[in-house]
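Enquirer: Got a file for you: final26.csv, CSV, C-alpha atoms.
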chain,number,residue,atom,x,y,z
R,1,MET,CA,0.0,0.0,0.0
R,2,THR,CA,2.8,2.4,0.8
R,3,THR,CA,4.4,2.0,-2.6
R,4,THR,CA,1.1,2.6,-4.3
R,5,THR,CA,0.5,5.8,-2.3
R,6,GLN,CA,3.9,7.1,-3.1
R,7,GLY,CA,3.4,6.4,-6.8
R,8,PHE,CA,0.1,8.4,-6.8
R,9,ALA,CA,1.9,11.3,-5.0
R,10,THR,CA,4.6,11.3,-7.7
R,11,ILE,CA,2.1,11.4,-10.5
R,12,GLN,CA,0.2,14.2,-8.9
R,13,GLN,CA,3.4,16.2,-8.4
R,14,ARG,CA,4.4,15.6,-12.0
R,15,ASP,CA,1.0,16.8,-13.3
R,16,LEU,CA,1.4,19.9,-11.1
R,17,VAL,CA,4.8,20.7,-12.5
R,18,ASN,CA,3.5,20.3,-16.1
R,19,GLN,CA,0.6,22.5,-15.4
R,20,ILE,CA,2.8,25.3,-14.0
R,21,ALA,CA,5.2,24.8,-16.9
R,22,ASP,CA,2.3,25.2,-19.4
R,23,MET,CA,1.1,28.3,-17.7
R,24,LEU,CA,4.5,29.9,-17.6
R,25,THR,CA,5.0,29.0,-21.3
R,26,GLU,CA,1.7,30.7,-22.1
R,27,ALA,CA,2.8,33.8,-20.2
R,28,LEU,CA,6.1,33.8,-22.1
R,29,LEU,CA,4.3,33.5,-25.4
R,30,LYS,CA,2.1,36.4,-24.6
R,31,GLY,CA,5.1,38.5,-23.7
R,32,ASP,CA,4.3,38.8,-20.0
R,33,PHE,CA,8.0,38.2,-19.2
R,34,ALA,CA,10.5,40.1,-21.3
R,35,PRO,CA,13.8,38.4,-22.4
R,36,GLY,CA,16.4,38.6,-19.7
R,37,VAL,CA,13.8,39.1,-16.9
R,38,HIS,CA,14.4,37.2,-13.6
R,39,LEU,CA,11.6,34.9,-12.6
R,40,ALA,CA,11.1,35.3,-8.8
R,41,GLU,CA,10.5,31.7,-7.6
R,42,ALA,CA,8.9,32.8,-4.3
R,43,GLN,CA,6.5,35.2,-6.0
R,44,LEU,CA,5.5,32.7,-8.6
R,45,ALA,CA,4.8,30.1,-5.9
R,46,ARG,CA,2.5,32.6,-4.2
R,47,ASP,CA,0.8,33.4,-7.5
R,48,PHE,CA,0.2,29.8,-8.2
R,49,GLY,CA,-0.7,28.9,-4.6
R,50,VAL,CA,1.9,26.2,-4.4
R,51,SER,CA,5.2,25.5,-2.7
R,52,ARG,CA,8.5,26.6,-4.4
R,53,ALA,CA,9.5,23.0,-5.2
R,54,PRO,CA,7.1,22.5,-8.2
R,55,VAL,CA,7.8,26.0,-9.5
R,56,ARG,CA,11.5,25.2,-9.4
R,57,GLU,CA,10.9,21.9,-11.3
R,58,ALA,CA,8.7,23.7,-13.8
R,59,ALA,CA,11.5,26.2,-14.4
R,60,ARG,CA,14.0,23.4,-15.0
R,61,LEU,CA,11.6,21.9,-17.5
R,62,LEU,CA,11.4,25.2,-19.4
R,63,GLU,CA,15.2,25.4,-19.2
R,64,SER,CA,15.4,22.1,-20.9
R,65,ARG,CA,13.1,23.4,-23.6
R,66,GLY,CA,15.4,26.4,-24.2
R,67,MET,CA,13.0,29.1,-22.8
R,68,LEU,CA,14.8,29.8,-19.6
R,69,VAL,CA,18.4,29.9,-18.4
R,70,SER,CA,19.6,29.4,-14.8
R,71,GLN,CA,22.4,31.2,-13.0
R,72,PRO,CA,24.1,29.8,-9.8
R,73,ARG,CA,22.6,31.4,-6.7
R,74,ARG,CA,20.5,33.8,-8.8
R,75,GLY,CA,17.7,31.6,-10.2
R,76,PHE,CA,16.0,31.5,-13.6
R,77,PHE,CA,15.9,34.1,-16.3
R,78,VAL,CA,14.0,34.4,-19.5
R,79,ARG,CA,16.4,33.4,-22.3
R,80,THR,CA,17.7,36.0,-24.6
R,81,PHE,CA,19.1,35.6,-28.1
R,82,ASN,CA,21.4,37.9,-30.1
R,83,ALA,CA,21.1,38.2,-33.8
R,84,ASP,CA,24.1,36.0,-34.5
R,85,GLU,CA,22.7,33.2,-32.4
R,86,LEU,CA,19.4,33.4,-34.2
R,87,GLU,CA,21.1,33.3,-37.6
R,88,ASP,CA,23.1,30.3,-36.5
R,89,VAL,CA,20.0,28.4,-35.5
R,90,TYR,CA,18.3,29.1,-38.8
R,91,ASP,CA,21.4,28.3,-40.8
R,92,LEU,CA,21.8,24.9,-39.1
R,93,ARG,CA,18.1,24.2,-39.3
R,94,LEU,CA,18.0,24.9,-43.0
R,95,CYS,CA,21.0,22.7,-43.6
R,96,LEU,CA,19.4,19.8,-41.7
R,97,GLU,CA,15.9,20.0,-43.2
R,98,ARG,CA,17.2,20.8,-46.7
R,99,HIS,CA,19.1,17.5,-46.7
R,100,ALA,CA,16.2,15.6,-45.1
R,101,VAL,CA,13.7,16.8,-47.8
R,102,ARG,CA,16.0,15.9,-50.6
R,103,LEU,CA,16.4,12.4,-49.2
R,104,LEU,CA,12.7,12.1,-48.4
R,105,ALA,CA,11.5,13.2,-51.9
R,106,GLY,CA,13.1,10.2,-53.5
R,107,LYS,CA,11.5,7.7,-51.0
R,108,LEU,CA,8.2,9.2,-50.0
R,109,THR,CA,5.7,6.4,-49.5
R,110,ASP,CA,1.9,6.6,-49.4
R,111,GLU,CA,2.1,6.0,-45.6
R,112,MET,CA,4.6,8.8,-45.1
R,113,GLU,CA,2.5,11.2,-47.2
R,114,ALA,CA,-0.6,10.2,-45.2
R,115,ALA,CA,1.3,10.8,-41.9
R,116,LEU,CA,2.5,14.3,-43.0
R,117,THR,CA,-1.1,15.1,-44.2
R,118,HIS,CA,-2.5,14.0,-40.8
R,119,GLN,CA,0.1,16.1,-39.0
R,120,LEU,CA,-0.7,19.2,-41.0
R,121,GLU,CA,-4.4,18.7,-40.1
R,122,LYS,CA,-3.4,18.4,-36.4
R,123,MET,CA,-1.6,21.7,-36.8
R,124,ARG,CA,-4.7,23.3,-38.2
R,125,GLN,CA,-6.8,21.7,-35.4
R,126,VAL,CA,-4.7,23.1,-32.6
R,127,ALA,CA,-4.6,26.5,-34.5
R,128,ARG,CA,-8.3,26.5,-34.1
R,129,ASP,CA,-8.8,25.0,-30.6
R,130,GLY,CA,-5.4,24.4,-29.0
R,131,THR,CA,-3.0,26.4,-26.8
R,132,ALA,CA,0.1,28.2,-28.0
R,133,VAL,CA,2.2,25.4,-26.4
R,134,GLN,CA,0.4,22.8,-28.5
R,135,GLN,CA,0.8,24.8,-31.6
R,136,ILE,CA,4.6,24.9,-31.1
R,137,GLU,CA,4.8,21.2,-30.4
R,138,GLU,CA,2.8,20.2,-33.5
R,139,ASP,CA,4.9,22.5,-35.6
R,140,VAL,CA,8.1,20.9,-34.4
R,141,ALA,CA,6.5,17.5,-34.9
R,142,PHE,CA,5.9,18.2,-38.6
R,143,HIS,CA,9.5,19.2,-39.2
R,144,ARG,CA,10.8,16.3,-37.2
R,145,MET,CA,8.8,13.9,-39.4
R,146,LEU,CA,10.6,15.3,-42.4
R,147,CYS,CA,13.9,14.4,-40.8
R,148,GLU,CA,12.7,11.0,-39.5
R,149,PHE,CA,11.2,9.9,-42.9
R,150,SER,CA,14.5,10.8,-44.6
R,151,GLY,CA,15.9,7.6,-43.0
R,152,ASN,CA,19.0,9.3,-41.6
R,153,GLN,CA,18.9,8.7,-37.8
R,154,ARG,CA,21.9,10.8,-37.1
R,155,LEU,CA,20.2,13.7,-38.7
R,156,VAL,CA,17.2,13.1,-36.4
R,157,ARG,CA,19.4,13.2,-33.3
R,158,VAL,CA,21.0,16.5,-34.3
R,159,PHE,CA,17.5,17.9,-35.1
R,160,ASP,CA,16.3,16.8,-31.6
R,161,GLU,CA,19.3,18.6,-30.0
R,162,LEU,CA,18.4,21.8,-31.9
R,163,CYS,CA,14.8,21.6,-31.0
R,164,HIS,CA,15.1,23.8,-27.9
R,165,GLU,CA,16.4,26.7,-29.8
R,166,MET,CA,13.9,26.0,-32.6
R,167,ARG,CA,11.0,26.2,-30.2
R,168,PHE,CA,12.2,29.7,-29.2
R,169,CYS,CA,12.4,30.7,-32.8
R,170,ILE,CA,8.9,29.2,-33.6
R,171,LEU,CA,7.7,31.2,-30.5
R,172,LEU,CA,8.9,34.4,-32.2
R,173,ILE,CA,7.3,33.4,-35.5
R,174,GLY,CA,4.0,32.8,-33.8
R,175,GLN,CA,4.1,36.4,-32.6
R,176,LEU,CA,4.3,37.6,-36.2
R,177,TYR,CA,0.9,36.2,-37.1
R,178,ASP,CA,-2.4,37.2,-35.5
R,179,ASP,CA,-3.9,34.1,-37.1
R,180,ALA,CA,-2.3,30.8,-36.0
R,181,MET,CA,-4.0,29.1,-38.9
R,182,ARG,CA,-1.8,31.1,-41.2
R,183,VAL,CA,1.3,29.6,-39.6
R,184,ALA,CA,-0.1,26.1,-40.1
R,185,ASP,CA,-1.0,26.8,-43.8
R,186,THR,CA,2.6,27.8,-44.6
R,187,HIS,CA,3.6,24.1,-44.3
R,188,GLU,CA,1.2,23.1,-47.2
R,189,PRO,CA,3.6,24.0,-50.0
R,190,ILE,CA,6.3,21.7,-48.5
R,191,LEU,CA,3.9,18.8,-48.6
R,192,GLU,CA,2.7,19.7,-52.1
R,193,ALA,CA,6.3,19.8,-53.4
R,194,LEU,CA,7.1,16.4,-51.8
R,195,ARG,CA,4.1,14.9,-53.6
R,196,THR,CA,5.9,15.6,-56.9
R,197,ARG,CA,8.8,13.3,-55.7
R,198,SER,CA,11.2,16.0,-56.9
R,199,PRO,CA,14.1,16.7,-54.6
R,200,ASP,CA,14.6,20.1,-56.2
R,201,ALA,CA,11.0,21.1,-55.7
R,202,GLY,CA,11.1,19.9,-52.1
R,203,GLU,CA,14.2,21.8,-51.3
R,204,ALA,CA,12.9,25.0,-53.0
R,205,ALA,CA,9.6,24.8,-50.9
R,206,LEU,CA,11.6,24.3,-47.7
R,207,ASP,CA,14.0,27.1,-48.5
R,208,TYR,CA,11.1,29.5,-49.1
R,209,HIS,CA,9.3,28.3,-45.9
R,210,ILE,CA,12.3,28.7,-43.6
R,211,GLY,CA,13.7,31.6,-45.4
R,212,VAL,CA,10.6,33.8,-45.1
R,213,ALA,CA,10.4,32.9,-41.4
R,214,GLN,CA,14.0,33.7,-40.9
R,215,GLN,CA,13.7,37.1,-42.6
R,216,ARG,CA,10.7,38.1,-40.6
R,217,VAL,CA,12.1,36.9,-37.3
R,218,MET,CA,15.3,38.7,-37.9
R,219,GLU,CA,13.6,41.9,-38.9
R,220,MET,CA,11.4,41.8,-35.8
R,221,PHE,CA,14.4,41.0,-33.6
R,222,ARG,CA,16.5,43.9,-34.9
R,223,GLU,CA,13.6,46.3,-34.6
R,224,ARG,CA,13.1,45.3,-31.0
R,225,ALA,CA,16.8,45.7,-30.4
R,226,LYS,CA,16.6,49.4,-31.4
R,227,ARG,CA,14.0,50.2,-28.8
Since I need it in another form, could you write the structure as structure tokens?
Expert:
Amino acid sequence: MTTTTQGFATIQQRDLVNQIADMLTEALLKGDFAPGVHLAEAQLARDFGVSRAPVREAARLLESRGMLVSQPRRGFFVRTFNADELEDVYDLRLCLERHAVRLLAGKLTDEMEAALTHQLEKMRQVARDGTAVQQIEEDVAFHRMLCEFSGNQRLVRVFDELCHEMRFCILLIGQLYDDAMRVADTHEPILEALRTRSPDAGEAALDYHIGVAQQRVMEMFRERAKR
């Protein structure tokens, strides 16, 4: 009986941590916390009506997702990026996904096409009914599928390592559109190009998709830096 009770307590604690992490992420997406701002653990605990322990664990979870950074004896801060770091993220992402799409175009099966189509519909569904967190995760999932279906498992592992920074970039992209459905729809041309089975068409569609996003994010970033 003791083991079972402890197990339930662990599950409840984990759910609480995830709930706090989701609420903090929503606040970050809405711009309630500016880049570089210190998150006061004690104040957040009071705001949520919980002890400091789940707040700390939630902050660590967001740190693993690339949204917060920790400093010894100072706590957690909203992550900041400079222009060079953002450019580096986009350059590496473009290299990875460009190679993945060229590999995938030559081996796209009906099952892969159906999975990508289903994922695009999930993106549209969460654009209508989901949270900002869900929108980010489904966006990442679509691009991860491109890498996974390429058949290059090392590429997938590098993609996963880059995901934390990518989530932050997607967060910025989301702030550029008032309509989340528009973000989801920008992925349709990639799928249409892949249906032609042409590596060149797939690469061109991906270049445009990521290139436009990169340009808009960098313009927004530099504009904010002037303020």
Enquirer: Grab the CA of Gln214 (chain R) to CA of Tyr90 (chain R) distance for me, in Å with one decimal place.
Expert: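 A separation of 6.6 Å between them.
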Enquirer: Extract, using only C-alpha atoms, all DNA, RNA and protein residues at most 12 Å from Tyr208 (chain R), discarding same-chain residues fewer than 2 positions from it, and format them as a PyMOL selection string.
Expert: chain R and resi 94+98+186-190+193+201-206+210-215
Enquirer: For a quick check of your reading of the model, name the residues lying within 12 Å of the coordinate (0.9, 10.7, -55.1), counting only C-alpha atoms, and write them as a PDB file with C-alpha atoms, keeping the file's coordinate frame.
Expert:
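For reference, point_16.pdb as written:
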ATOM      1  CA  ALA R 105      11.500  13.200 -51.900  1.00  0.00           C
ATOM      2  CA  LYS R 107      11.500   7.700 -51.000  1.00  0.00           C
ATOM      3  CA  LEU R 108       8.200   9.200 -50.000  1.00  0.00           C
ATOM      4  CA  THR R 109       5.700   6.400 -49.500  1.00  0.00           C
ATOM      5  CA  ASP R 110       1.900   6.600 -49.400  1.00  0.00           C
ATOM      6  CA  GLU R 111       2.100   6.000 -45.600  1.00  0.00           C
ATOM      7  CA  MET R 112       4.600   8.800 -45.100  1.00  0.00           C
ATOM      8  CA  GLU R 113       2.500  11.200 -47.200  1.00  0.00           C
ATOM      9  CA  ALA R 114      -0.600  10.200 -45.200  1.00  0.00           C
ATOM     10  CA  THR R 117      -1.100  15.100 -44.200  1.00  0.00           C
ATOM     11  CA  LEU R 191       3.900  18.800 -48.600  1.00  0.00           C
ATOM     12  CA  GLU R 192       2.700  19.700 -52.100  1.00  0.00           C
ATOM     13  CA  ALA R 193       6.300  19.800 -53.400  1.00  0.00           C
ATOM     14  CA  LEU R 194       7.100  16.400 -51.800  1.00  0.00           C
ATOM     15  CA  ARG R 195       4.100  14.900 -53.600  1.00  0.00           C
ATOM     16  CA  THR R 196       5.900  15.600 -56.900  1.00  0.00           C
ATOM     17  CA  ARG R 197       8.800  13.300 -55.700  1.00  0.00           C
ATOM     18  CA  SER R 198      11.200  16.000 -56.900  1.00  0.00           C
TER      19      SER R 198
END
Enquirer: Near Ala53 (chain R), counting all atoms listed in the file, which residues have an atom at most 12 Å away, once you skip same-chain residues fewer than 4 positions from it, shown as a list in words?
Expert: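 The residues that qualify are Gln13, Arg14, Leu16, Val17, Ile20, Glu41, Ala42, Leu44, Ala45, Arg46, Phe48, Gly49, Glu57, Ala58, Ala59 and Arg60 of chain R.
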Enquirer: Nearest residue to Val183 (chain R) out of R:Val89, R:Val217, R:Lys226, R:Asp139, using only C-alpha atoms?
Expert: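 With only C-alpha atoms as the atom set, the closest residue is R:Asp139.
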Enquirer: In Å, how far is it from CA of Asp185 (chain R) to CA of Glu97 (chain R)?
Expert: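 If I compute the distance from CA of Asp185 (chain R) to CA of Glu97 (chain R), I get 18.2 Å.
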Enquirer: Record the distance separating CA of Met23 (chain R) and CA of Met67 (chain R), expressed in Å with one decimal.
Expert: 13.0 Å
Enquirer: Which residues come within 12 Å of Gln134 (chain R), counting all atoms listed in the file, excluding same-chain residues fewer than 5 positions away, as a PDB file with C-alpha atoms, keeping the file's coordinate frame?
Expert:
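Result file follows (out16.pdb):
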ATOM      1  CA  ASP R  22       2.300  25.200 -19.400  1.00  0.00           C
ATOM      2  CA  THR R  25       5.000  29.000 -21.300  1.00  0.00           C
ATOM      3  CA  GLU R  26       1.700  30.700 -22.100  1.00  0.00           C
ATOM      4  CA  LEU R  29       4.300  33.500 -25.400  1.00  0.00           C
ATOM      5  CA  LYS R 122      -3.400  18.400 -36.400  1.00  0.00           C
ATOM      6  CA  MET R 123      -1.600  21.700 -36.800  1.00  0.00           C
ATOM      7  CA  ARG R 124      -4.700  23.300 -38.200  1.00  0.00           C
ATOM      8  CA  GLN R 125      -6.800  21.700 -35.400  1.00  0.00           C
ATOM      9  CA  VAL R 126      -4.700  23.100 -32.600  1.00  0.00           C
ATOM     10  CA  ALA R 127      -4.600  26.500 -34.500  1.00  0.00           C
ATOM     11  CA  ARG R 128      -8.300  26.500 -34.100  1.00  0.00           C
ATOM     12  CA  ASP R 129      -8.800  25.000 -30.600  1.00  0.00           C
ATOM     13  CA  ASP R 139       4.900  22.500 -35.600  1.00  0.00           C
ATOM     14  CA  VAL R 140       8.100  20.900 -34.400  1.00  0.00           C
ATOM     15  CA  ALA R 141       6.500  17.500 -34.900  1.00  0.00           C
ATOM     16  CA  ARG R 167      11.000  26.200 -30.200  1.00  0.00           C
ATOM     17  CA  ILE R 170       8.900  29.200 -33.600  1.00  0.00           C
ATOM     18  CA  LEU R 171       7.700  31.200 -30.500  1.00  0.00           C
ATOM     19  CA  GLY R 174       4.000  32.800 -33.800  1.00  0.00           C
ATOM     20  CA  ALA R 180      -2.300  30.800 -36.000  1.00  0.00           C
TER      21      ALA R 180
END
Enquirer: When distances are computed from all atoms listed in the file, which of R:Arg144, R:His164, R:His209, R:Arg154 shows the smallest separation from Val69 (chain R)?
Expert: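 Smallest separation from Val69 (chain R) among the options: R:His164.
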Enquirer: With distances taken over all atoms listed in the file, which of R:Val37, R:Asp200, R:Asn18, R:Leu162 is nearest to Leu62 (chain R)?
Expert: R:Asn18
Enquirer: Which is closer to Leu28 (chain R) than all the others in R:Ala83, R:Phe76, R:Val133, R:Val156, using only C-alpha atoms?
Expert: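 That would be R:Val133, the residue with the smallest distance to Leu28 (chain R).
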Enquirer: Give me the box for region 215-221 of chain R as JSON, namely the centre and edge lengths in Å to one decimal of a box along x, y and z that holds every listed atom plus 4 Å on each side.
Expert:
{"center_x": 13.0, "center_y": 39.4, "center_z": -38.1, "size_x": 12.6, "size_y": 13.0, "size_z": 17.0}
Enquirer: Between R:Asp84, R:Val55, R:Glu138, R:Ser150, which has the minimum distance to Gln43 (chain R) (counting all atoms listed in the file)?
Expert: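 Smallest separation from Gln43 (chain R) among the options: R:Val55.
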